[in-house]
$ cat data32.txt   # compact mmCIF, C-alpha atoms
# COMPACT_ATOMS: atom_id res chain seq x y z
CA MET A 890 46.58 51.16 -8.96
CA THR A 891 46.92 48.56 -11.65
CA ALA A 892 43.89 46.36 -12.37
CA PRO A 893 44.45 42.54 -12.01
CA ALA A 894 45.17 40.79 -15.26
CA ALA A 895 42.46 38.61 -16.74
CA THR A 896 42.87 34.88 -16.09
CA SER A 897 43.98 33.01 -19.15
CA GLY A 898 45.70 29.80 -20.18
CA PRO A 899 45.48 26.42 -18.34
CA ALA A 900 44.05 28.00 -15.15
CA ALA A 901 41.01 29.34 -17.03
CA THR A 902 40.49 25.99 -18.74
CA SER A 903 40.43 24.10 -15.40
CA SER A 904 38.03 26.66 -13.83
CA VAL A 905 35.54 25.92 -16.61
CA SER A 906 36.08 22.16 -16.95
CA VAL A 907 35.56 21.34 -13.26
CA PRO A 908 31.88 22.48 -13.13
CA THR A 909 31.28 20.82 -16.49
CA GLU A 910 32.61 17.50 -15.23
CA ALA A 911 30.49 17.83 -12.08
CA VAL A 912 27.38 18.46 -14.16
CA ARG A 913 28.17 15.46 -16.33
CA GLU A 914 28.68 13.27 -13.26
CA VAL A 915 25.37 14.39 -11.76
CA ALA A 916 23.62 13.75 -15.08
CA ARG A 917 25.20 10.29 -15.30
CA VAL A 918 24.11 9.39 -11.76
CA ARG A 919 20.57 10.59 -12.46
CA ARG A 920 20.46 8.69 -15.77
CA ASN A 921 21.65 5.50 -14.08
CA GLY A 922 19.09 5.99 -11.29
CA ARG A 923 16.25 6.39 -13.78
CA ALA A 924 17.43 3.34 -15.73
CA ARG A 925 17.59 1.20 -12.60
CA TYR A 926 14.17 2.40 -11.44
CA THR A 927 12.66 1.60 -14.85
CA LEU A 928 14.27 -1.85 -14.78
CA VAL A 929 12.99 -2.54 -11.25
CA CYS A 930 9.45 -1.52 -12.21
CA ALA A 931 9.60 -3.68 -15.34
CA VAL A 932 10.81 -6.71 -13.37
CA LEU A 933 8.11 -6.21 -10.74
CA ALA A 934 5.45 -5.89 -13.46
CA VAL A 935 6.62 -9.09 -15.17
CA ALA A 936 6.73 -10.94 -11.82
CA THR A 937 3.20 -9.72 -11.02
CA LEU A 938 1.98 -10.89 -14.43
CA ALA A 939 3.60 -14.29 -13.88
CA ALA A 940 1.99 -14.58 -10.44
CA LEU A 941 -1.36 -13.63 -11.98
CA CYS A 942 -1.03 -16.39 -14.60
CA GLY A 943 -0.14 -18.85 -11.85
CA SER A 944 -3.17 -17.82 -9.80
CA LEU A 945 -5.45 -18.30 -12.80
CA ALA A 946 -3.96 -21.64 -13.84
CA TYR A 947 -3.47 -23.45 -10.52
CA GLY A 948 -6.23 -24.63 -8.20
CA ASP A 949 -8.40 -27.61 -7.39
CA MET A 950 -8.67 -28.09 -11.15
CA ALA A 951 -5.49 -27.15 -13.00
CA VAL A 952 -5.95 -25.20 -16.23
CA PRO A 953 -3.16 -25.19 -18.84
CA LEU A 954 -1.68 -21.78 -19.59
CA SER A 955 -2.81 -22.09 -23.20
CA ASP A 956 -6.40 -22.42 -21.98
CA VAL A 957 -5.88 -19.48 -19.61
CA PHE A 958 -4.75 -17.31 -22.53
CA ALA A 959 -7.69 -18.61 -24.58
CA ALA A 960 -10.06 -17.59 -21.78
CA LEU A 961 -8.49 -14.14 -21.56
CA THR A 962 -8.94 -13.63 -25.31
CA GLY A 963 -12.49 -15.00 -25.41
CA ARG A 964 -11.64 -18.24 -27.28
CA ALA A 965 -12.16 -20.72 -24.43
CA ASP A 966 -15.17 -22.97 -23.87
CA ALA A 967 -17.79 -22.12 -21.24
CA ALA A 968 -16.38 -24.43 -18.56
CA THR A 969 -12.86 -23.01 -18.85
CA TRP A 970 -14.19 -19.45 -18.83
CA PHE A 971 -16.23 -20.16 -15.71
CA ILE A 972 -13.19 -21.46 -13.82
CA VAL A 973 -10.77 -18.79 -15.02
CA GLY A 974 -13.01 -15.80 -15.61
CA GLU A 975 -15.67 -16.16 -12.93
CA LEU A 976 -13.97 -17.99 -10.06
CA ARG A 977 -10.29 -17.05 -10.16
CA MET A 978 -9.87 -13.80 -12.08
CA PRO A 979 -11.93 -11.49 -9.78
CA ARG A 980 -9.99 -12.70 -6.76
CA ALA A 981 -6.60 -12.31 -8.47
CA LEU A 982 -7.42 -8.86 -9.85
CA MET A 983 -8.68 -7.76 -6.45
CA ALA A 984 -5.41 -8.91 -4.90
CA ILE A 985 -3.53 -6.75 -7.42
CA LEU A 986 -5.69 -3.65 -6.91
CA VAL A 987 -5.69 -3.97 -3.11
CA GLY A 988 -1.90 -4.42 -3.14
CA VAL A 989 -1.43 -1.37 -5.38
CA ALA A 990 -3.63 0.78 -3.13
CA PHE A 991 -1.96 -0.34 0.10
CA GLY A 992 1.54 -0.07 -1.39
CA ILE A 993 1.10 3.49 -2.66
CA SER A 994 -0.69 4.56 0.53
CA GLY A 995 2.11 3.23 2.73
CA ALA A 996 4.77 4.86 0.54
CA ILE A 997 3.07 8.25 0.84
CA PHE A 998 2.67 7.99 4.62
CA GLN A 999 6.26 6.86 5.24
CA SER A 1000 7.83 9.36 2.84
CA LEU A 1001 5.70 12.34 3.83
CA LEU A 1002 6.01 11.75 7.57
CA ARG A 1003 9.63 10.54 7.24
CA ASN A 1004 8.94 7.64 9.57
CA PRO A 1005 9.20 3.94 8.62
CA LEU A 1006 6.44 3.08 11.14
CA ALA A 1007 3.93 5.41 9.49
CA SER A 1008 1.62 3.13 7.57
CA PRO A 1009 -2.20 3.11 7.63
CA ASP A 1010 -2.38 -0.15 9.58
CA VAL A 1011 -0.09 1.22 12.31
CA ILE A 1012 -1.43 4.76 12.79
CA GLY A 1013 -5.11 3.85 13.11
CA ILE A 1014 -6.61 4.25 9.62
CA SER A 1015 -7.33 0.53 9.26
CA SER A 1016 -8.57 0.41 12.87
CA GLY A 1017 -11.14 3.08 12.04
CA ALA A 1018 -12.40 0.97 9.16
CA SER A 1019 -12.51 -2.08 11.44
CA VAL A 1020 -14.62 -0.33 14.10
CA ALA A 1021 -17.11 0.91 11.51
CA ALA A 1022 -17.36 -2.52 9.87
CA VAL A 1023 -17.86 -4.39 13.15
CA LEU A 1024 -20.45 -1.83 14.32
CA ALA A 1025 -22.35 -2.12 11.03
CA SER A 1026 -22.17 -5.89 11.15
CA SER A 1027 -23.30 -6.26 14.76
CA LEU A 1028 -25.93 -3.50 14.86
CA PHE A 1029 -27.38 -3.59 11.35
CA ALA A 1030 -26.25 -7.02 10.10
CA ALA A 1031 -24.52 -5.26 7.22
CA SER A 1032 -22.65 -7.31 4.64
CA GLY A 1033 -21.33 -7.05 1.10
CA ALA A 1034 -21.28 -3.59 -0.46
CA LEU A 1035 -22.88 -1.91 2.58
CA LEU A 1036 -20.16 -3.30 4.85
CA SER A 1037 -17.50 -1.96 2.45
CA VAL A 1038 -19.10 1.50 2.43
CA CYS A 1039 -19.16 1.56 6.23
CA ALA A 1040 -15.49 0.49 6.37
CA LEU A 1041 -14.51 3.25 3.93
CA ALA A 1042 -16.42 5.82 6.00
CA GLY A 1043 -14.70 4.60 9.17
CA ALA A 1044 -11.25 4.93 7.58
CA LEU A 1045 -11.96 8.46 6.38
CA LEU A 1046 -13.36 9.52 9.78
CA ALA A 1047 -10.33 8.08 11.54
CA GLY A 1048 -8.06 10.01 9.18
CA VAL A 1049 -9.92 13.26 9.85
CA LEU A 1050 -9.83 12.64 13.63
CA ILE A 1051 -6.10 11.93 13.64
CA TYR A 1052 -5.35 15.00 11.54
CA ALA A 1053 -7.52 17.24 13.73
CA LEU A 1054 -5.97 16.02 17.00
CA ALA A 1055 -2.45 16.37 15.57
CA TRP A 1056 -3.06 19.97 14.46
CA ARG A 1057 -1.05 22.57 16.38
CA ARG A 1058 -0.70 25.53 13.99
CA GLY A 1059 0.07 22.89 11.41
CA VAL A 1060 0.80 19.18 11.44
CA THR A 1061 4.24 17.66 11.88
CA GLY A 1062 5.12 14.10 11.03
CA SER A 1063 6.16 12.87 14.48
CA ARG A 1064 3.08 14.30 16.19
CA LEU A 1065 0.73 12.80 13.61
CA VAL A 1066 2.36 9.37 14.02
CA LEU A 1067 2.10 9.47 17.83
CA VAL A 1068 -1.52 10.61 17.71
CA GLY A 1069 -2.29 7.96 15.10
CA VAL A 1070 -0.73 5.16 17.16
CA GLY A 1071 -2.76 6.26 20.19
CA ILE A 1072 -5.99 6.49 18.21
CA GLY A 1073 -5.28 3.11 16.64
CA ALA A 1074 -4.79 1.50 20.06
CA GLY A 1075 -8.04 3.00 21.31
CA LEU A 1076 -9.99 1.86 18.26
CA SER A 1077 -8.53 -1.65 18.55
CA SER A 1078 -9.82 -1.86 22.11
CA VAL A 1079 -13.28 -0.80 20.86
CA VAL A 1080 -13.16 -3.62 18.29
CA SER A 1081 -12.24 -6.12 21.01
CA TYR A 1082 -15.11 -4.92 23.20
CA LEU A 1083 -17.61 -5.19 20.34
CA MET A 1084 -16.37 -8.70 19.57
CA THR A 1085 -17.00 -9.80 23.15
CA ARG A 1086 -20.58 -8.42 22.97
CA SER A 1087 -21.42 -10.04 19.63
CA GLU A 1088 -23.11 -13.34 18.97
CA VAL A 1089 -20.81 -16.23 18.13
CA THR A 1090 -21.75 -16.33 14.45
CA GLU A 1091 -21.42 -12.55 14.12
CA ALA A 1092 -18.06 -12.64 15.90
CA GLN A 1093 -16.80 -15.38 13.56
CA SER A 1094 -17.83 -13.42 10.49
CA ALA A 1095 -16.31 -10.21 11.85
CA LEU A 1096 -13.09 -12.00 12.78
CA LEU A 1097 -12.68 -13.30 9.23
CA TRP A 1098 -13.17 -9.78 7.82
CA LEU A 1099 -10.81 -8.25 10.40
CA THR A 1100 -8.07 -10.69 9.40
CA GLY A 1101 -8.25 -9.56 5.78
CA SER A 1102 -9.54 -12.05 3.25
CA LEU A 1103 -10.12 -12.38 -0.49
CA ASN A 1104 -12.23 -15.52 -0.18
CA GLY A 1105 -15.39 -15.41 -2.29
CA ARG A 1106 -14.58 -12.10 -4.02
CA SER A 1107 -16.56 -11.61 -7.24
CA TRP A 1108 -16.84 -9.09 -10.08
CA ASP A 1109 -19.57 -7.24 -8.17
CA LEU A 1110 -17.15 -6.48 -5.33
CA LEU A 1111 -14.24 -5.79 -7.69
CA ARG A 1112 -15.91 -3.09 -9.80
CA PRO A 1113 -16.35 -0.46 -7.00
CA LEU A 1114 -12.67 -0.82 -6.07
CA ALA A 1115 -11.60 -0.50 -9.70
CA TRP A 1116 -13.68 2.65 -10.24
CA ALA A 1117 -12.38 4.16 -6.99
CA LEU A 1118 -8.79 3.63 -8.12
CA VAL A 1119 -9.56 5.11 -11.53
CA VAL A 1120 -10.36 8.35 -9.67
CA LEU A 1121 -7.81 8.16 -6.85
CA LEU A 1122 -4.65 7.20 -8.75
CA PRO A 1123 -4.63 10.27 -11.05
CA LEU A 1124 -5.36 12.52 -8.05
CA THR A 1125 -2.50 10.89 -6.16
CA TYR A 1126 -0.19 11.42 -9.15
CA LEU A 1127 -1.02 15.12 -9.23
CA ALA A 1128 -0.65 15.54 -5.46
CA ALA A 1129 2.62 13.57 -5.41
CA ARG A 1130 4.39 16.22 -7.48
CA GLN A 1131 4.80 18.15 -4.20
CA LEU A 1132 6.20 15.15 -2.34
CA PRO A 1133 9.92 15.65 -3.19
CA VAL A 1134 9.82 19.16 -1.72
CA LEU A 1135 7.84 18.13 1.36
CA GLN A 1136 10.32 15.33 2.06
CA LEU A 1137 12.97 17.99 2.68
CA GLY A 1138 11.16 19.18 5.81
CA ASP A 1139 8.72 21.99 6.53
CA ASP A 1140 11.28 24.80 6.87
CA THR A 1141 13.15 23.89 3.70
CA ALA A 1142 9.93 23.31 1.77
CA ALA A 1143 8.54 26.68 2.91
CA GLY A 1144 11.84 28.33 1.99
CA LEU A 1145 11.54 26.91 -1.51
CA GLY A 1146 8.05 28.35 -1.86
CA GLY A 1147 6.11 25.15 -1.22
CA ARG A 1148 2.67 25.23 0.43
CA THR A 1149 3.53 22.69 3.10
CA GLN A 1150 0.23 22.33 4.95
CA ARG A 1151 -1.91 22.34 1.81
CA GLY A 1152 0.35 19.84 0.04
CA ARG A 1153 0.53 17.58 3.09
CA LEU A 1154 -3.26 17.63 3.48
CA GLN A 1155 -3.78 16.68 -0.18
CA LEU A 1156 -1.29 13.82 0.01
CA LEU A 1157 -2.64 12.53 3.32
CA GLY A 1158 -6.18 12.69 1.92
CA CYS A 1159 -5.18 10.57 -1.08
CA ALA A 1160 -3.28 8.09 1.12
CA VAL A 1161 -6.18 7.72 3.56
CA ALA A 1162 -8.65 7.24 0.69
CA LEU A 1163 -6.44 4.59 -0.95
CA ALA A 1164 -6.11 2.69 2.33
CA GLY A 1165 -9.84 3.08 2.95
CA VAL A 1166 -11.01 1.65 -0.39
CA ALA A 1167 -8.52 -1.23 -0.10
CA THR A 1168 -9.70 -2.02 3.42
CA ALA A 1169 -13.32 -1.78 2.35
CA ALA A 1170 -12.67 -4.34 -0.41
CA ALA A 1171 -10.58 -6.93 1.43
CA GLY A 1172 -10.55 -6.00 5.10
CA PRO A 1173 -7.56 -4.60 7.02
CA VAL A 1174 -4.91 -6.80 5.40
CA GLY A 1175 -1.93 -6.31 7.68
CA PHE A 1176 1.59 -5.20 6.81
CA VAL A 1177 1.21 -4.83 3.02
CA ALA A 1178 1.36 -1.03 3.25
CA PHE A 1179 4.04 -1.36 5.92
CA VAL A 1180 6.40 -3.60 3.93
CA ALA A 1181 5.87 -2.68 0.26
CA ALA A 1182 7.47 0.76 0.31
CA PRO A 1183 10.72 -0.22 2.15
CA VAL A 1184 11.20 -3.15 -0.23
CA ALA A 1185 10.70 -0.87 -3.24
CA ARG A 1186 13.13 1.72 -1.86
CA ARG A 1187 15.78 -0.96 -1.32
CA LEU A 1188 15.35 -2.22 -4.87
CA ALA A 1189 15.61 1.30 -6.28
CA PRO A 1190 17.52 3.49 -3.80
CA GLY A 1191 17.66 7.23 -4.25
CA ARG A 1192 14.29 7.49 -6.02
CA GLY A 1193 12.33 9.13 -3.20
CA ALA A 1194 8.92 7.66 -2.42
CA SER A 1195 9.03 5.21 -5.39
CA LEU A 1196 5.24 5.19 -5.66
CA VAL A 1197 5.04 3.05 -8.80
CA ALA A 1198 7.52 0.48 -7.50
CA SER A 1199 5.73 0.44 -4.12
CA GLY A 1200 2.39 -0.22 -5.78
CA LEU A 1201 3.81 -3.04 -7.88
CA THR A 1202 5.54 -4.52 -4.82
CA GLY A 1203 2.26 -4.43 -2.91
CA ALA A 1204 0.44 -6.14 -5.80
CA LEU A 1205 3.07 -8.88 -6.05
CA LEU A 1206 3.06 -9.39 -2.28
CA MET A 1207 -0.73 -9.73 -2.19
CA LEU A 1208 -0.82 -12.17 -5.09
CA VAL A 1209 1.91 -14.40 -3.67
CA ALA A 1210 0.43 -14.27 -0.16
CA ASP A 1211 -3.06 -15.15 -1.44
CA PHE A 1212 -1.67 -18.03 -3.52
CA ALA A 1213 0.15 -19.34 -0.44
CA ALA A 1214 -3.00 -18.98 1.65
CA GLN A 1215 -5.02 -20.97 -0.89
CA HIS A 1216 -2.64 -23.72 -1.91
CA VAL A 1217 0.41 -23.87 0.38
CA LEU A 1218 -0.90 -23.22 3.91
CA ASP A 1219 -4.18 -25.01 3.31
CA LEU A 1220 -4.03 -27.46 6.22
CA VAL A 1221 -5.73 -25.22 8.75
CA ASP A 1222 -9.48 -25.76 9.14
CA LEU A 1223 -11.01 -22.42 10.13
CA PRO A 1224 -14.25 -22.26 12.15
CA THR A 1225 -15.64 -19.68 9.72
CA GLY A 1226 -16.79 -21.94 6.94
CA ALA A 1227 -13.75 -21.19 4.83
CA ALA A 1228 -12.22 -24.61 5.41
CA GLY A 1229 -8.92 -25.25 3.71
CA GLN A 1230 -8.17 -21.60 2.90
CA LEU A 1231 -6.41 -19.21 5.22
CA PRO A 1232 -7.28 -15.52 4.98
CA VAL A 1233 -4.58 -13.66 3.08
CA GLY A 1234 -4.08 -11.37 6.08
CA VAL A 1235 -2.63 -14.27 8.07
CA VAL A 1236 0.11 -14.80 5.48
CA THR A 1237 0.95 -11.09 5.13
CA SER A 1238 1.18 -10.85 8.92
CA MET A 1239 3.59 -13.80 8.95
CA ILE A 1240 5.76 -11.79 6.54
CA GLY A 1241 5.34 -8.36 8.11
CA ALA A 1242 5.62 -9.14 11.81
CA PRO A 1243 9.27 -10.31 11.63
CA TYR A 1244 10.08 -7.22 9.55
CA LEU A 1245 8.54 -4.97 12.22
CA MET A 1246 10.60 -6.70 14.94
CA TRP A 1247 13.76 -6.34 12.85
CA LEU A 1248 12.99 -2.65 12.31
CA LEU A 1249 12.52 -2.04 16.04
CA VAL A 1250 15.72 -3.90 16.93
CA ARG A 1251 17.63 -1.95 14.32
CA ALA A 1252 16.21 1.34 15.64
CA ASN A 1253 17.28 0.44 19.19
CA ARG A 1254 20.79 -0.46 18.07
CA SER A 1255 21.15 2.84 16.25
CA GLY A 1256 19.84 4.76 19.27
CA GLN A 1257 16.54 5.75 17.67
CA GLY A 1258 14.28 3.46 19.61
CA GLY A 1259 13.88 5.66 22.67
$ encode --input "data32.txt" --output "structure tokens"
Amino acid sequence: MTAPAATSGPAATSSVSVPTEAVREVARVRRNGRARYTLVCAVLAVATLAALCGSLAYGDMAVPLSDVFAALTGRADAATWFIVGELRMPRALMAILVGVAFGISGAIFQSLLRNPLASPDVIGISSGASVAAVLASSLFAASGALLSVCALAGALLAGVLIYALAWRRGVTGSRLVLVGVGIGAGLSSVVSYLMTRSEVTEAQSALLWLTGSLNGRSWDLLRPLAWALVVLLPLTYLAARQLPVLQLGDDTAAGLGGRTQRGRLQLLGCAVALAGVATAAAGPVGFVAFVAAPVARRLAPGRGASLVASGLTGALLMLVADFAAQHVLDLVDLPTGAAGQLPVGVVTSMIGAPYLMWLLVRANRSGQGG
């Protein structure tokens, strides 16, 4: 029997060139994706910096940008430094840090659980912080740093409770979301009950915190949040290296050698901690974690969780919403003593609630709404 002749000539050339062209096309698509993602992050960073300058310059007493830059470099007089550095900068920086924490936390939840409704303010993490804060306020008259510590503890306990109740030889995304929504509804009813049992002044103070506010934030309240993020962001970066594999699903991730339950627990722990410290600093600001990640993914499609872009989107959203609360929607006189300034959570809810309705309508039209 004669052996088949070796392939030669044009046929051999095409059999080699086709895979080469495919590899080049894949490399080109990846290169373009990285370039677009870098551009999106750069634009978001510049927009956030511009919003920060606007927050520092505009207010009851306008400060020229040249004086703002002088204050930032230590060349301004004492009056300008007091306005920019003591009154406005802690609030603006807290808006940025809270937005970064909520944005990254929401991106991890939604990507890991593969559900657009999975954000800490929907699945009960923020509700856990709210219950702890209202309990501490009504029972022990806690305020300031103690109130923030109680809120952080409540968020972490809620996260542990949700994870434990969702455990059935492992945790799946859909089950964790359903358990979280149920726990969140129960905790919200506890908050409502506590509010009805509180004194009027305590209820007013608790209501302002529950709305999510940056009013009166100072350097003393900013520093704990900054130190917490110094620890949490590197841990999140290390844990997020497993996220692309986990996004493929448990079976595929296990087939590729990934430790699904361990990786999911690490990522969920980081996401819960980020949401907890942000809630402890500014209250349960609604819809920032819910909206930031989808906006980032639309700006840079095909980049997975887009954690950096989500964090920058959250920071920009918080800054713009807080500026609008202070200077645009300043006609509402609140009964909490914060006359003329809406809590930032009201503005973010005005942005996020229509998006939630649009998401539900879209899910129903596509047959995913049950």
$ closest_residue --input "data32.txt" --among "A:Tyr926, A:Val973, A:Ala940, A:Val1023" --to "Leu1097 of chain A" --atoms "only C-alpha atoms"
A:Val1023
$ atom_distance --input "data32.txt" --atom1 "atom CA of Glu1088 of chain A" --atom2 "atom CA of Thr1100 of chain A"
18.0 Å
$ atom_distance --input "data32.txt" --atom1 "atom CA of Phe1179 of chain A" --atom2 "atom CA of Gly1191 of chain A"
19.0 Å
$ closest_atom_pairs --input "data32.txt" --of "segment 1084-1192 of chain A" --to "segment 1035-1049 of chain A" --cutoff "8 Å" --atoms "only C-alpha atoms" --output "tab-separated table"
residue	atom	partner	partner_atom	distance
A:Gly1158	CA	A:Gly1048	CA	8.0
A:Val1161	CA	A:Gly1048	CA	6.4
A:Ala1162	CA	A:Leu1045	CA	6.7
A:Ala1164	CA	A:Ala1044	CA	7.7
A:Gly1165	CA	A:Leu1041	CA	4.8
A:Val1166	CA	A:Leu1041	CA	5.8
A:Thr1168	CA	A:Ala1040	CA	7.0
A:Ala1169	CA	A:Ser1037	CA	4.2
A:Ala1170	CA	A:Ser1037	CA	6.1
$ axis_aligned_box --input "data32.txt" --around "segment 1134-1144 of chain A" --padding-each-side "5 Å" --output "AutoDock Vina command-line options"
--center_x 10.5 --center_y 21.8 --center_z 2.6 --size_x 15.3 --size_y 23.0 --size_z 18.6
$ closest_residue --input "data32.txt" --among "A:Leu1154, A:Ala1189, A:Val1089, A:Ala1214" --to "Leu1135 of chain A" --atoms "only C-alpha atoms"
A:Leu1154
$ closest_residue --input "data32.txt" --among "A:Gly1175, A:Gly1062, A:Pro1183, A:Pro1123" --to "Ser1102 of chain A" --atoms "all atoms listed in the file"
A:Gly1175
$ atom_distance --input "data32.txt" --atom1 "atom CA of Leu1127 of chain A" --atom2 "atom CA of Phe1176 of chain A"
26.0 Å
$ closest_atom_pairs --input "data32.txt" --of "segment 992-1080 of chain A" --to "segment 985-988 of chain A" --cutoff "10 Å" --atoms "all atoms listed in the file" --output "JSON lines"
{"residue": "A:Gly992", "atom": "CA", "partner": "A:Gly988", "partner_atom": "CA", "distance": 5.8}
{"residue": "A:Ile993", "atom": "CA", "partner": "A:Gly988", "partner_atom": "CA", "distance": 8.5}
{"residue": "A:Ser994", "atom": "CA", "partner": "A:Gly988", "partner_atom": "CA", "distance": 9.8}
$ closest_residue --input "data32.txt" --among "A:Ile972, A:Ala939, A:Val1134, A:Leu1201" --to "Val952 of chain A" --atoms "all atoms listed in the file"
A:Ile972
$ closest_residue --input "data32.txt" --among "A:Val1235, A:Ala1022, A:Val1070, A:Leu1050" --to "Met1084 of chain A" --atoms "only C-alpha atoms"
A:Ala1022
$ closest_residue --input "data32.txt" --among "A:Ser1087, A:Ser1077, A:Thr1125, A:Thr937" --to "Val1011 of chain A" --atoms "only C-alpha atoms"
A:Ser1077
$ residues_around --input "data32.txt" --residues "Gly1152 of chain A" --least-positions-apart "6" --cutoff "8 Å" --atoms "all atoms listed in the file" --output "ChimeraX atom specification"
/A:1128,1131-1132,1135
$ closest_atom_pairs --input "data32.txt" --of "segment 934-1051 of chain A" --to "segment 1103-1113 of chain A" --cutoff "8 Å" --atoms "only C-alpha atoms" --output "tab-separated table"
residue	atom	partner	partner_atom	distance
A:Glu975	CA	A:Ser1107	CA	7.3
A:Leu976	CA	A:Ser1107	CA	7.4
A:Pro979	CA	A:Ser1107	CA	5.3
A:Arg980	CA	A:Arg1106	CA	5.4
A:Leu982	CA	A:Leu1111	CA	7.8
A:Met983	CA	A:Leu1111	CA	6.0
A:Ala984	CA	A:Leu1103	CA	7.3
A:Gly1033	CA	A:Leu1110	CA	7.7
A:Ala1034	CA	A:Leu1110	CA	7.0
$ residues_around --input "data32.txt" --residues "Gly1069 of chain A" --least-positions-apart "3" --cutoff "12 Å" --atoms "only C-alpha atoms" --output "JSON, numbers by chain"
{"A": [998, 1002, 1006, 1007, 1008, 1009, 1010, 1011, 1012, 1013, 1014, 1015, 1016, 1017, 1047, 1048, 1049, 1050, 1051, 1052, 1053, 1054, 1055, 1062, 1063, 1064, 1065, 1066, 1072, 1073, 1074, 1075, 1076, 1077]}
$ residues_near_point --input "data32.txt" --point "(-12.2, -20.2, -17.3)" --cutoff "12 Å" --atoms "all atoms listed in the file" --output "MDAnalysis selection string"
chainID A and resid 944:948 950:979
$ build_atoms --input "data32.txt" --residues "segment 1211-1216 of chain A" --atoms "all heavy atoms" --output "mmCIF file, in the frame of the given file"
data_model
loop_
_atom_site.group_PDB
_atom_site.id
_atom_site.type_symbol
_atom_site.label_atom_id
_atom_site.label_comp_id
_atom_site.auth_asym_id
_atom_site.auth_seq_id
_atom_site.Cartn_x
_atom_site.Cartn_y
_atom_site.Cartn_z
ATOM 1 N N ASP A 1211 -1.755 -14.505 -1.248
ATOM 2 C CA ASP A 1211 -3.060 -15.150 -1.440
ATOM 3 C C ASP A 1211 -2.891 -16.544 -2.048
ATOM 4 O O ASP A 1211 -3.633 -17.471 -1.691
ATOM 5 C CB ASP A 1211 -3.927 -14.275 -2.343
ATOM 6 C CG ASP A 1211 -5.357 -14.790 -2.428
ATOM 7 O OD1 ASP A 1211 -5.941 -15.083 -1.366
ATOM 8 O OD2 ASP A 1211 -5.885 -14.934 -3.545
ATOM 9 N N PHE A 1212 -1.929 -16.690 -2.954
ATOM 10 C CA PHE A 1212 -1.670 -18.030 -3.520
ATOM 11 C C PHE A 1212 -1.201 -18.983 -2.426
ATOM 12 O O PHE A 1212 -1.647 -20.142 -2.364
ATOM 13 C CB PHE A 1212 -0.605 -17.912 -4.618
ATOM 14 C CG PHE A 1212 -0.350 -19.193 -5.347
ATOM 15 C CD1 PHE A 1212 -1.109 -19.540 -6.456
ATOM 16 C CD2 PHE A 1212 0.643 -20.072 -4.931
ATOM 17 C CE1 PHE A 1212 -0.893 -20.727 -7.131
ATOM 18 C CE2 PHE A 1212 0.869 -21.257 -5.594
ATOM 19 C CZ PHE A 1212 0.107 -21.589 -6.703
ATOM 20 N N ALA A 1213 -0.317 -18.496 -1.541
ATOM 21 C CA ALA A 1213 0.150 -19.340 -0.440
ATOM 22 C C ALA A 1213 -0.994 -19.685 0.509
ATOM 23 O O ALA A 1213 -1.083 -20.820 1.005
ATOM 24 C CB ALA A 1213 1.272 -18.629 0.310
ATOM 25 N N ALA A 1214 -1.873 -18.721 0.757
ATOM 26 C CA ALA A 1214 -3.000 -18.980 1.650
ATOM 27 C C ALA A 1214 -3.942 -20.033 1.069
ATOM 28 O O ALA A 1214 -4.519 -20.841 1.800
ATOM 29 C CB ALA A 1214 -3.761 -17.673 1.913
ATOM 30 N N GLN A 1215 -4.097 -20.023 -0.262
ATOM 31 C CA GLN A 1215 -5.020 -20.970 -0.890
ATOM 32 C C GLN A 1215 -4.429 -22.364 -1.053
ATOM 33 O O GLN A 1215 -5.120 -23.371 -0.829
ATOM 34 C CB GLN A 1215 -5.402 -20.464 -2.281
ATOM 35 C CG GLN A 1215 -6.267 -19.239 -2.311
ATOM 36 C CD GLN A 1215 -6.647 -18.890 -3.733
ATOM 37 O OE1 GLN A 1215 -7.510 -19.531 -4.337
ATOM 38 N NE2 GLN A 1215 -5.989 -17.893 -4.283
ATOM 39 N N HIS A 1216 -3.160 -22.441 -1.436
ATOM 40 C CA HIS A 1216 -2.640 -23.720 -1.910
ATOM 41 C C HIS A 1216 -1.438 -24.250 -1.129
ATOM 42 O O HIS A 1216 -1.084 -25.413 -1.294
ATOM 43 C CB HIS A 1216 -2.222 -23.575 -3.384
ATOM 44 C CG HIS A 1216 -3.300 -22.994 -4.244
ATOM 45 N ND1 HIS A 1216 -4.525 -23.593 -4.394
ATOM 46 C CD2 HIS A 1216 -3.339 -21.843 -4.974
ATOM 47 C CE1 HIS A 1216 -5.272 -22.850 -5.207
ATOM 48 N NE2 HIS A 1216 -4.592 -21.788 -5.559
#
